[in-house]
Structures are given as C-alpha cells and as structure tokens.
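Structure file upload.txt with compact mmCIF, C-alpha atoms and all ligand atoms:
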# COMPACT_ATOMS: atom_id res chain seq x y z
CA HIS A 887 10.31 -20.92 -21.13
CA GLN A 888 13.21 -23.24 -21.74
CA PRO A 889 15.79 -21.81 -24.13
CA PRO A 890 15.38 -22.94 -27.73
CA MET A 891 17.28 -26.13 -28.44
CA SER A 892 18.26 -27.94 -31.56
CA PRO A 893 16.67 -31.38 -31.95
CA SER A 894 20.02 -33.03 -31.32
CA HIS A 895 20.40 -31.22 -28.03
CA ARG A 896 16.94 -32.00 -26.75
CA GLY A 897 17.60 -35.61 -25.88
CA ALA A 898 20.92 -34.79 -24.28
CA LEU A 899 19.45 -32.05 -22.13
CA GLY A 900 16.37 -34.04 -21.25
CA TRP A 901 13.70 -31.77 -22.75
CA ASP A 902 11.27 -32.40 -25.59
CA ALA A 903 10.00 -29.74 -28.00
CA THR A 904 7.32 -28.58 -25.54
CA GLY A 905 9.78 -28.14 -22.68
CA ALA A 906 8.63 -31.35 -20.95
CA PRO A 907 11.36 -33.66 -19.70
CA THR A 908 12.16 -36.66 -21.84
CA PRO A 909 11.36 -39.98 -20.11
CA MET A 910 14.97 -40.93 -19.43
CA HIS A 911 15.37 -37.68 -17.56
CA LYS A 912 12.42 -37.87 -15.24
CA ARG A 913 14.53 -36.84 -12.33
CA LEU A 914 12.08 -37.79 -9.57
CA ASP A 915 10.66 -40.91 -11.15
CA GLY A 916 8.95 -43.08 -8.54
CA LYS A 917 9.77 -40.65 -5.72
CA VAL A 918 7.34 -39.36 -3.13
CA ALA A 919 7.42 -35.66 -2.26
CA ILE A 920 5.64 -33.23 0.04
CA VAL A 921 5.49 -29.54 -0.88
CA THR A 922 4.28 -27.14 1.81
CA GLY A 923 2.54 -24.00 0.56
CA GLY A 924 2.10 -25.86 -2.71
CA ALA A 925 -1.34 -24.47 -3.54
CA ARG A 926 -0.15 -21.39 -5.40
CA GLY A 927 2.83 -19.19 -6.31
CA ILE A 928 6.31 -20.72 -6.16
CA GLY A 929 4.97 -23.82 -4.39
CA GLU A 930 2.53 -24.49 -7.22
CA ALA A 931 5.39 -24.27 -9.75
CA ILE A 932 7.36 -26.76 -7.65
CA VAL A 933 4.40 -29.16 -7.51
CA ARG A 934 3.87 -28.96 -11.28
CA LEU A 935 7.56 -29.54 -12.05
CA PHE A 936 7.84 -32.43 -9.57
CA VAL A 937 4.82 -34.11 -11.21
CA LYS A 938 6.33 -33.63 -14.70
CA HIS A 939 9.43 -35.39 -13.40
CA GLY A 940 7.46 -38.40 -12.27
CA ALA A 941 7.00 -37.73 -8.54
CA LYS A 942 3.95 -38.49 -6.43
CA VAL A 943 3.25 -35.25 -4.60
CA VAL A 944 1.37 -34.32 -1.46
CA ILE A 945 0.45 -30.63 -1.28
CA ALA A 946 0.39 -29.41 2.34
CA ASP A 947 -1.25 -25.99 2.57
CA ILE A 948 -3.79 -24.00 4.57
CA ASP A 949 -5.65 -22.98 1.41
CA GLU A 950 -7.98 -25.94 0.94
CA ALA A 951 -9.87 -24.60 -2.07
CA ALA A 952 -6.74 -23.81 -4.12
CA GLY A 953 -4.88 -26.92 -2.95
CA GLU A 954 -7.75 -29.32 -3.72
CA ALA A 955 -8.31 -27.69 -7.12
CA LEU A 956 -4.64 -27.98 -8.08
CA ALA A 957 -4.49 -31.61 -6.93
CA ALA A 958 -7.63 -32.44 -8.91
CA SER A 959 -6.29 -30.75 -12.04
CA LEU A 960 -3.03 -32.70 -11.88
CA GLY A 961 -4.77 -36.03 -11.26
CA PRO A 962 -5.46 -37.96 -8.05
CA HIS A 963 -2.98 -40.64 -9.07
CA SER A 964 -0.11 -38.14 -8.89
CA VAL A 965 -1.16 -35.48 -6.41
CA ALA A 966 -3.03 -35.40 -3.10
CA PHE A 967 -3.89 -32.45 -0.89
CA VAL A 968 -3.68 -32.36 2.88
CA ARG A 969 -4.69 -29.37 4.95
CA CYS A 970 -1.64 -28.37 6.94
CA ASP A 971 -0.63 -25.27 8.86
CA VAL A 972 3.15 -25.64 9.00
CA SER A 973 3.30 -23.80 12.33
CA VAL A 974 1.20 -26.54 13.96
CA GLU A 975 3.22 -29.65 14.74
CA GLU A 976 0.33 -32.13 14.53
CA ASP A 977 -0.48 -30.85 11.04
CA VAL A 978 3.06 -31.35 9.79
CA GLU A 979 3.23 -34.80 11.37
CA ARG A 980 -0.10 -35.72 9.75
CA ALA A 981 1.09 -34.57 6.31
CA VAL A 982 4.18 -36.77 6.58
CA ASP A 983 2.12 -39.73 7.87
CA ARG A 984 -0.31 -39.26 5.00
CA ALA A 985 2.45 -39.42 2.37
CA VAL A 986 4.07 -42.44 4.01
CA SER A 987 0.82 -44.35 4.48
CA ARG A 988 -0.29 -43.59 0.93
CA HIS A 989 2.98 -44.31 -0.86
CA GLY A 990 5.06 -46.26 1.64
CA ARG A 991 7.94 -43.78 1.77
CA LEU A 992 9.03 -40.15 1.70
CA ASP A 993 11.94 -39.12 -0.54
CA VAL A 994 11.61 -35.34 -0.79
CA PHE A 995 10.25 -32.68 1.53
CA CYS A 996 10.05 -29.08 0.35
CA ASN A 997 9.56 -26.46 3.07
CA ASN A 998 8.14 -23.74 0.84
CA ALA A 999 5.25 -22.24 2.86
CA GLY A 1000 6.02 -18.76 4.11
CA ILE A 1001 4.50 -15.39 4.89
CA LEU A 1002 5.87 -11.89 4.57
CA GLY A 1003 3.93 -10.35 7.43
CA ARG A 1004 2.56 -6.86 7.88
CA GLN A 1005 3.80 -4.14 5.57
CA THR A 1006 2.80 -1.08 7.58
CA ARG A 1007 5.50 1.48 8.35
CA ALA A 1008 5.15 0.73 12.06
CA ALA A 1009 5.43 -3.02 11.52
CA LYS A 1010 8.50 -2.59 9.34
CA SER A 1011 10.48 -0.53 11.87
CA ILE A 1012 12.68 -2.08 14.54
CA LEU A 1013 11.63 0.89 16.71
CA SER A 1014 7.94 0.07 16.62
CA PHE A 1015 7.35 -3.49 15.45
CA ASP A 1016 4.66 -5.52 17.15
CA ALA A 1017 5.89 -8.53 19.16
CA ALA A 1018 2.83 -10.65 18.37
CA GLU A 1019 3.25 -10.06 14.64
CA PHE A 1020 6.97 -10.86 14.87
CA ASP A 1021 6.07 -14.11 16.61
CA ARG A 1022 3.45 -14.96 13.97
CA VAL A 1023 5.94 -14.62 11.09
CA LEU A 1024 8.66 -16.56 12.93
CA ARG A 1025 6.20 -19.33 13.76
CA VAL A 1026 5.26 -19.93 10.14
CA ASN A 1027 8.62 -19.36 8.45
CA ALA A 1028 11.17 -20.53 11.02
CA LEU A 1029 9.31 -22.93 13.32
CA GLY A 1030 7.37 -24.26 10.30
CA THR A 1031 10.64 -25.09 8.55
CA ALA A 1032 12.09 -26.67 11.69
CA LEU A 1033 8.98 -28.84 12.07
CA GLY A 1034 9.27 -29.90 8.43
CA LEU A 1035 12.91 -30.87 9.02
CA LYS A 1036 11.94 -32.78 12.16
CA HIS A 1037 9.11 -34.87 10.74
CA ALA A 1038 10.55 -35.35 7.25
CA GLY A 1039 13.84 -36.29 8.90
CA ARG A 1040 12.10 -38.84 11.10
CA ALA A 1041 10.58 -40.49 8.04
CA MET A 1042 13.84 -40.42 6.05
CA VAL A 1043 16.51 -41.36 8.61
CA PRO A 1044 15.46 -45.04 8.98
CA ARG A 1045 15.78 -45.48 5.20
CA ARG A 1046 19.09 -43.61 5.18
CA GLN A 1047 18.09 -41.46 2.22
CA GLY A 1048 16.09 -38.39 1.35
CA SER A 1049 16.39 -34.76 0.38
CA ILE A 1050 14.90 -31.79 2.22
CA VAL A 1051 14.83 -28.47 0.37
CA SER A 1052 13.62 -25.29 2.07
CA VAL A 1053 12.74 -22.03 0.38
CA ALA A 1054 14.59 -19.21 2.12
CA SER A 1055 15.12 -15.85 0.37
CA VAL A 1056 17.78 -13.32 -0.53
CA ALA A 1057 16.36 -11.70 2.65
CA GLY A 1058 18.02 -14.66 4.37
CA VAL A 1059 21.39 -13.47 3.09
CA LEU A 1060 21.18 -9.66 3.10
CA GLY A 1061 19.52 -7.00 5.23
CA GLY A 1062 17.26 -4.22 4.06
CA LEU A 1063 15.00 -6.34 1.91
CA GLY A 1064 11.97 -7.02 4.06
CA PRO A 1065 10.34 -6.50 7.46
CA HIS A 1066 12.58 -7.50 10.39
CA ALA A 1067 10.59 -10.60 11.25
CA TYR A 1068 10.77 -11.83 7.66
CA THR A 1069 14.52 -11.19 7.42
CA ALA A 1070 15.11 -12.90 10.77
CA SER A 1071 12.98 -15.87 9.75
CA LYS A 1072 14.74 -16.31 6.42
CA HIS A 1073 18.19 -16.09 8.03
CA ALA A 1074 16.87 -18.74 10.42
CA ILE A 1075 16.06 -21.03 7.50
CA VAL A 1076 19.61 -20.72 6.14
CA GLY A 1077 20.97 -21.51 9.63
CA LEU A 1078 18.60 -24.43 10.15
CA THR A 1079 19.64 -25.81 6.78
CA LYS A 1080 23.30 -25.84 7.80
CA ASN A 1081 22.63 -27.29 11.24
CA ALA A 1082 20.24 -29.97 10.06
CA ALA A 1083 22.58 -30.90 7.19
CA CYS A 1084 25.31 -31.61 9.79
CA GLU A 1085 23.03 -33.85 11.81
CA LEU A 1086 20.98 -35.60 9.12
CA GLY A 1087 23.94 -36.02 6.77
CA ALA A 1088 25.22 -38.69 9.15
CA HIS A 1089 22.08 -40.66 8.21
CA GLY A 1090 22.37 -40.12 4.45
CA VAL A 1091 19.73 -37.37 4.32
CA ARG A 1092 20.64 -34.19 2.45
CA VAL A 1093 19.40 -30.74 3.51
CA ASN A 1094 19.64 -27.63 1.33
CA CYS A 1095 17.79 -24.39 0.65
CA VAL A 1096 17.02 -22.13 -2.28
CA SER A 1097 16.98 -18.35 -1.95
CA PRO A 1098 14.89 -16.55 -4.55
CA PHE A 1099 14.90 -12.87 -5.36
CA GLY A 1100 11.59 -11.27 -6.32
CA VAL A 1101 9.12 -13.51 -8.10
CA ALA A 1102 5.78 -11.99 -9.09
CA THR A 1103 3.55 -14.18 -6.91
CA PRO A 1104 0.53 -13.06 -4.85
CA MET A 1105 2.90 -12.57 -1.87
CA LEU A 1106 5.15 -10.12 -3.63
CA ILE A 1107 2.41 -8.29 -5.52
CA ASN A 1108 0.58 -7.71 -2.23
CA ALA A 1109 3.71 -6.33 -0.60
CA TRP A 1110 4.30 -4.14 -3.61
CA ARG A 1111 0.72 -2.80 -3.58
CA GLN A 1112 1.13 -1.88 0.06
CA GLY A 1113 4.59 -0.43 -0.45
CA HIS A 1114 3.21 1.87 -3.12
CA ASP A 1115 0.51 3.04 -0.80
CA ALA A 1116 2.07 3.04 2.64
CA ASP A 1117 -0.55 5.45 3.98
CA ALA A 1118 -3.34 3.17 2.91
CA ALA A 1119 -1.48 0.23 4.38
CA ASP A 1120 -1.07 2.13 7.65
CA ASP A 1121 -4.70 3.20 7.69
CA ALA A 1122 -6.04 -0.23 6.98
CA ASP A 1123 -3.30 -1.88 9.04
CA ALA A 1124 -2.56 -3.93 5.98
CA GLY A 1125 -6.12 -5.13 5.80
CA ILE A 1126 -5.66 -5.52 2.06
CA GLY A 1127 -5.03 -9.22 2.03
CA LEU A 1128 -2.29 -9.38 4.63
CA ASP A 1129 -0.65 -12.55 3.43
CA GLY A 1130 -2.25 -12.46 0.06
CA ALA A 1131 -5.16 -14.69 0.98
CA ALA A 1132 -7.58 -12.85 -1.27
CA ALA A 1133 -5.18 -11.29 -3.70
CA VAL A 1134 -5.13 -12.37 -7.30
CA PRO A 1135 -2.53 -10.26 -9.12
CA SER A 1136 -3.59 -8.80 -12.44
CA ASP A 1137 -1.48 -9.44 -15.54
CA ARG A 1138 -0.52 -5.77 -15.49
CA GLU A 1139 0.73 -6.01 -11.91
CA VAL A 1140 2.74 -9.11 -12.70
CA GLU A 1141 4.32 -7.36 -15.69
CA LYS A 1142 5.19 -4.26 -13.64
CA MET A 1143 6.67 -6.37 -10.85
CA GLU A 1144 8.73 -8.38 -13.29
CA GLU A 1145 10.00 -5.14 -14.80
CA VAL A 1146 11.19 -3.94 -11.38
CA VAL A 1147 12.98 -7.24 -10.76
CA ARG A 1148 14.57 -7.19 -14.22
CA GLY A 1149 15.86 -3.69 -13.48
CA LEU A 1150 17.66 -4.89 -10.35
CA ALA A 1151 19.09 -8.11 -11.79
CA THR A 1152 22.61 -7.92 -13.16
CA LEU A 1153 21.69 -10.73 -15.56
CA LYS A 1154 19.84 -9.07 -18.42
CA GLY A 1155 17.54 -10.37 -21.13
CA SER A 1156 15.52 -12.68 -18.93
CA THR A 1157 12.72 -12.63 -16.35
CA LEU A 1158 12.69 -14.49 -13.04
CA ARG A 1159 9.65 -16.77 -12.94
CA PRO A 1160 8.32 -19.31 -10.40
CA ARG A 1161 9.55 -22.09 -12.70
CA ASP A 1162 13.15 -20.89 -12.24
CA ILE A 1163 12.88 -21.38 -8.50
CA ALA A 1164 11.23 -24.76 -9.05
CA GLU A 1165 14.13 -25.87 -11.28
CA ALA A 1166 16.63 -25.05 -8.52
CA VAL A 1167 14.51 -26.94 -5.98
CA LEU A 1168 14.25 -29.88 -8.39
CA PHE A 1169 18.04 -30.04 -8.75
CA LEU A 1170 18.50 -30.16 -4.97
CA ALA A 1171 15.62 -32.62 -4.55
CA SER A 1172 16.89 -35.05 -7.17
CA ASP A 1173 19.87 -37.37 -7.20
CA ASP A 1174 21.59 -34.96 -9.62
CA SER A 1175 22.79 -33.16 -6.49
CA ARG A 1176 23.63 -36.33 -4.56
CA TYR A 1177 26.77 -34.86 -2.99
CA VAL A 1178 25.36 -31.39 -2.24
CA SER A 1179 24.28 -30.74 1.34
CA GLY A 1180 24.06 -27.70 3.61
CA HIS A 1181 24.00 -25.40 0.58
CA ASN A 1182 22.00 -22.24 -0.06
CA LEU A 1183 21.38 -21.92 -3.80
CA VAL A 1184 20.66 -18.26 -4.56
CA VAL A 1185 18.45 -17.71 -7.62
CA ASP A 1186 18.49 -13.97 -8.17
CA GLY A 1187 19.82 -13.06 -11.60
CA GLY A 1188 23.00 -11.86 -9.92
CA VAL A 1189 21.24 -9.29 -7.73
CA THR A 1190 23.16 -10.08 -4.56
CA THR A 1191 26.47 -9.85 -6.38
CA SER A 1192 25.88 -6.20 -7.20
CA ARG A 1193 26.60 -3.34 -4.85
CA ASN A 1194 23.93 -1.36 -6.73
CA MET A 1195 21.15 -3.76 -5.87
CA ILE A 1196 18.96 -1.34 -3.95
CA GLY A 1197 17.94 1.56 -6.20
P1 LIG B 1 2.42 -16.96 -1.86
O1 LIG B 1 1.86 -16.13 -0.76
O2 LIG B 1 2.04 -16.62 -3.25
O3 LIG B 1 2.13 -18.51 -1.60
C1 LIG B 1 2.40 -19.07 -0.34
C2 LIG B 1 1.62 -20.35 -0.15
O4 LIG B 1 1.88 -20.80 1.19
C3 LIG B 1 0.11 -20.17 -0.26
O5 LIG B 1 -0.46 -21.26 -0.98
C4 LIG B 1 -0.37 -20.14 1.18
O6 LIG B 1 -1.70 -20.61 1.36
C5 LIG B 1 0.65 -21.07 1.84
N1 LIG B 1 0.79 -20.84 3.28
C6 LIG B 1 0.88 -19.66 3.94
N2 LIG B 1 0.97 -19.87 5.26
C7 LIG B 1 0.94 -21.21 5.45
C8 LIG B 1 1.00 -22.04 6.59
N3 LIG B 1 1.05 -21.54 7.83
N4 LIG B 1 0.97 -23.38 6.42
C9 LIG B 1 0.87 -23.91 5.18
N5 LIG B 1 0.80 -23.18 4.05
C10 LIG B 1 0.83 -21.83 4.20
O7 LIG B 1 4.01 -16.85 -1.69
P2 LIG B 1 5.23 -17.23 -2.69
O8 LIG B 1 5.77 -15.95 -3.22
O9 LIG B 1 4.86 -18.32 -3.61
O10 LIG B 1 6.28 -17.73 -1.58
C11 LIG B 1 6.66 -19.08 -1.42
C12 LIG B 1 7.95 -19.10 -0.61
O11 LIG B 1 8.96 -18.39 -1.32
C13 LIG B 1 7.84 -18.38 0.76
O12 LIG B 1 8.58 -19.10 1.72
C14 LIG B 1 8.48 -17.04 0.49
O13 LIG B 1 8.98 -16.44 1.66
C15 LIG B 1 9.56 -17.44 -0.48
N6 LIG B 1 10.08 -16.33 -1.28
C16 LIG B 1 9.28 -15.67 -2.16
C17 LIG B 1 9.80 -14.64 -2.91
C18 LIG B 1 8.97 -13.86 -3.91
O14 LIG B 1 9.45 -12.88 -4.44
N7 LIG B 1 7.76 -14.26 -4.21
C19 LIG B 1 11.16 -14.26 -2.78
C20 LIG B 1 11.94 -14.96 -1.85
C21 LIG B 1 11.40 -16.00 -1.13
Please render this file's structure as structure tokens.
Ligand code: NAD
Amino acid sequence: HQPPMSPSHRGALGWDATGAPTPMHKRLDGKVAIVTGGARGIGEAIVRLFVKHGAKVVIADIDEAAGEALAASLGPHSVAFVRCDVSVEEDVERAVDRAVSRHGRLDVFCNNAGILGRQTRAAKSILSFDAAEFDRVLRVNALGTALGLKHAGRAMVPRRQGSIVSVASVAGVLGGLGPHAYTASKHAIVGLTKNAACELGAHGVRVNCVSPFGVATPMLINAWRQGHDADAADDADAGIGLDGAAAVPSDREVEKMEEVVRGLATLKGSTLRPRDIAEAVLFLASDDSRYVSGHNLVVDGGVTTSRNMIG
C-alpha cells in the first residue's frame, strides 16, 4: 500500500510499480538479521520486508508450525526458522549462534516477540493483579528484550557495527492503554533501549525501538474480543486464546479493529498496517539511520499527540 508514484519518482524513491524496492535501494542487501516473534503479525511483516530488501533472516519464535511455514514460503536460501522462547536465555543464545554459524555475522536483531497477558478485569487492576501473571509478561517482554540486547550485542560488538531494534508500544510511553504488566514491560523496553544505546554505542552498535499504536494482529484482535466480553473473559479466565495462540482473526474483525484505530488517529485517510511498523523498523535497522541511536520511533498516526486519544 505504497502511495501512488509517477514513473519518474519510482526510481528516486526506491520502489517499482508493484511496491517492491528497486535493486539500488535494497537497504539490507547482504545483511543478516534475526527477528523474534517473526512467525506472524507485525514480526511476519518485518521478516517479509527485510527479505525484500535483500537480508538473510532467521525467524526466532515459539510457534514452530507458523515459523517453519513462513520460512519455507520465503525460500530456505533467504530465511531460516529456529525455535526460540525469548524468555529463555539458552534459546536466545542459540538463535544468535545459529545466525552467526550459518551466515558468518549478525547485522540486525529485532526484538519483536511480545505478549499482552491476561485481559480479565481482575488481571487488569492494580488492586487485584496476579503476581505470577505479572512475572510471566515481564519475562517475555522485558527480560526477553534484555536477553536479545545481550546476545545480539555480544555478536556485534567485536565487529564494531550492528543495529538492534526493539518493538515497544505506545503503552511504553503513556498509561491507561493496557494491563499493568504490559505497560510496565513496554516502558522497560524504552528504558533498556536508552541504556543499551549508551553502552553499545561506544562499540559502534546502534540501539533503537519502535512504538506502534493498534495494529490488527492476532494479539490485538484477541484483546479486543475479550474487552468486548469482559464477563466471558472473567468466566473463562481468558481461556479464549490467551496470547492469541489459536486465534485467527476474521476479515470482519480486522476491518472493525482498523476502524477503531482510524477513529483514534489524528492522521486521517489512512489505516495503520503491520507493514507500516515494518517500514519504521527497516529504517532503524538499515544504514539510512546510521546516526540515530537511543531513539523511540512512535508509529501511531498522531494518536499520542492528541489529548482526545482515549474515547
Ligand atoms: P502477535 O501475538 O500477533 O504475534 C506475536 C508473535 O510472537 C507470535 O508469532 C508468537 O508466537 C511470538 N511469541 C510470543 N511469545 C514468544 C516468546 N516467548 N518467544 C518467542 N516468540 C514469542 O502480536 P503482534 O501484534 O504481532 O505483536 C508484535 C509486537 O508488537 C509485540 O511486542 C507487541 O507487544 C507489539 N505491539 C503490538 C501492537 C498491536 O496493536 N498489535 C501495538 C503495540 C505494540
């Protein structure tokens, strides 16, 4: 869904008529990237865009079926899958080792894997949240990101180059947008980005994050389903696909979700899609942003700039 361009603009902007990048603008040509949570949703869009831009990609995800299928569809020459739970250090280390042993280097690491956590009323209240659930969300989102920074950093520092891009959220900037554990974990990612950028910048490694607003992925559709039926969510204790494992959103649900997001955005006439988040990640991953580090790039259609954001 690139904007229409005149033929004379296409070359200059690096896109051909189908929206694919022109060869001289393959912005990750010859680079090696790992994308955590790359099997579906925003991560899948990142994987697809990285491949279009010439990268070799390793998908690191807990969903073996979806991850293997995506890797196979994009071609074994370009994409490999490794089973990796980002909250388990050995898994993250193995994913990095796999990329380095396969391709001899690691240029880009995208910490995208994340979970929203339980959506029950009890789980969402600071007065009644469950400590074990809080810990579970923090382990995946915050510790998982820190482990990605650690092991990607270890592979990149000796070569004195590399770019690490984490996916935070507008819930990492503002309150009132998600369960407490999720908000805490996303603020943690923004903080980790700044801290790690200070340390790794001394070794030529850049660290940034991207903060999306609502994108109609299985994660958000699941949360929305449960939000619309809080009683059912309470009764079932969010048994309806807690982190979206089994949820495949219908086209109708995606359309409705996109409508809600469009209503909140101050930027009108457009719809936030996974590809938009992937484009922001690509910019920070590529040398186009070679002097950008410690930055949180918010991709929200202007939502966080408006005092009317919550209806
Ligand atoms: P999703 O649930 O659709 O996809 C998440 C992917 O991460 C899945 O492939 C899943 O298998 C994988 N995953 C989950 N836990 C994992 C773990 N422990 N280790 C490895 N992989 C794991 O979610 P999404 O909407 O595509 O979200 C991707 C990222 O974007 C998350 O960090 C999320 O918090 C963030 N985000 C999403 C939105 C949104 O509206 N969808 C908004 C802001 C931020």
* **Protein and nucleic acid residues within 6 Å of ligand LIG 1 (chain B) (all atoms listed in the file) as a PyMOL selection string** => chain A and resi 922-929+947-949+970-973+998-1001+1026+1053-1055+1098-1106+1130
* **Protein, DNA and RNA residues within 12 Å of (7.4, -7.1, 16.3), all atoms listed in the file, as a PyMOL selection string** => chain A and resi 1003-1024+1065-1068+1070
* Select, from A:Leu1029, A:Ala966, A:Val918, A:Leu960, the residue with the minimum atom-to-atom distance to Arg991 of chain A, counting only C-alpha atoms. =>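 Of A:Leu1029, A:Ala966, A:Val918, A:Leu960, the one nearest Arg991 of chain A is A:Val918, counting only C-alpha atoms.
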To test the calculation: enclose all listed atoms of segment 1015-1021 of chain A in a box whose edges run along x, y and z, add 4 Å on each side, then state centre and edge lengths in Å to one decimal, as JSON.
{"center_x": 5.1, "center_y": -8.8, "center_z": 16.9, "size_x": 12.5, "size_y": 18.6, "size_z": 12.5}
* List the neighbours of Lys1154 of chain A out to 10 Å using only C-alpha atoms; skip same-chain residues closer than 5 positions along the sequence, and give me the result as a ChimeraX atom specification. => /A:1148-1149,1187-1188
* Asked: So how many Å separate atom CA of Ser1172 of chain A and atom CA of Glu950 of chain A, to one decimal?
  -> 27.7 Å
* Just how far from atom CA of Arg1159 of chain A is atom CA of Val1051 of chain A, in Å to one decimal? ->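 Going from atom CA of Val1051 of chain A over to atom CA of Arg1159 of chain A covers 18.5 Å.
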* Report the distance between atom CA of Ala1109 of chain A and atom CA of Glu1139 of chain A in Å, rounded to one decimal place. =>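 About the pair atom CA of Ala1109 of chain A and atom CA of Glu1139 of chain A: they are 11.7 Å apart.
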* To do: Excluding segment 1163-1165 of chain A and residues on its chain fewer than 4 positions from it, collect all residues at most 10 Å away from it, counting only C-alpha atoms, and give them as a PyMOL selection string.
  => chain A and resi 928-936+1053+1096-1099+1101+1158-1159+1169-1171+1183-1186
List every residue of segment 999-1092 of chain A that has an atom at most 9 Å from any atom of segment 974-978 of chain A, and for each one report the closest atom pair and its distance in Å to one decimal, counting all atoms listed in the file, with rows sorted by chain and then by increasing residue number, as a tab-separated table.
residue	atom	partner	partner_atom	distance
A:Arg1025	CA	A:Val974	CA	8.8
A:Val1026	CA	A:Val974	CA	8.6
A:Leu1029	CA	A:Val974	CA	8.9
A:Gly1030	CA	A:Val974	CA	7.5
A:Leu1033	CA	A:Glu975	CA	6.4
A:Gly1034	CA	A:Val978	CA	6.5
A:His1037	CA	A:Val978	CA	7.1
A:Ala1038	CA	A:Val978	CA	8.9
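Among A:Ala951, A:Val1147, A:Val943, A:Ile920, the residue with the shortest atom-to-atom distance to Glu979 of chain A, counting all atoms listed in the file, is A:Ile920.
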* Asked: Contacts of Val994 of chain A at 6 Å or less, counting only C-alpha atoms, minus same-chain residues fewer than 6 places along, as a PyMOL selection string?
  -> chain A and resi 919+1048-1050
Output file for the selection above: C-alpha atoms, as a PDB file, in the frame of the given file:
ATOM      1  CA  ALA A 919       7.420 -35.660  -2.260  1.00  0.00           C
ATOM      2  CA  GLY A1048      16.090 -38.390   1.350  1.00  0.00           C
ATOM      3  CA  SER A1049      16.390 -34.760   0.380  1.00  0.00           C
ATOM      4  CA  ILE A1050      14.900 -31.790   2.220  1.00  0.00           C
TER       5      ILE A1050
END
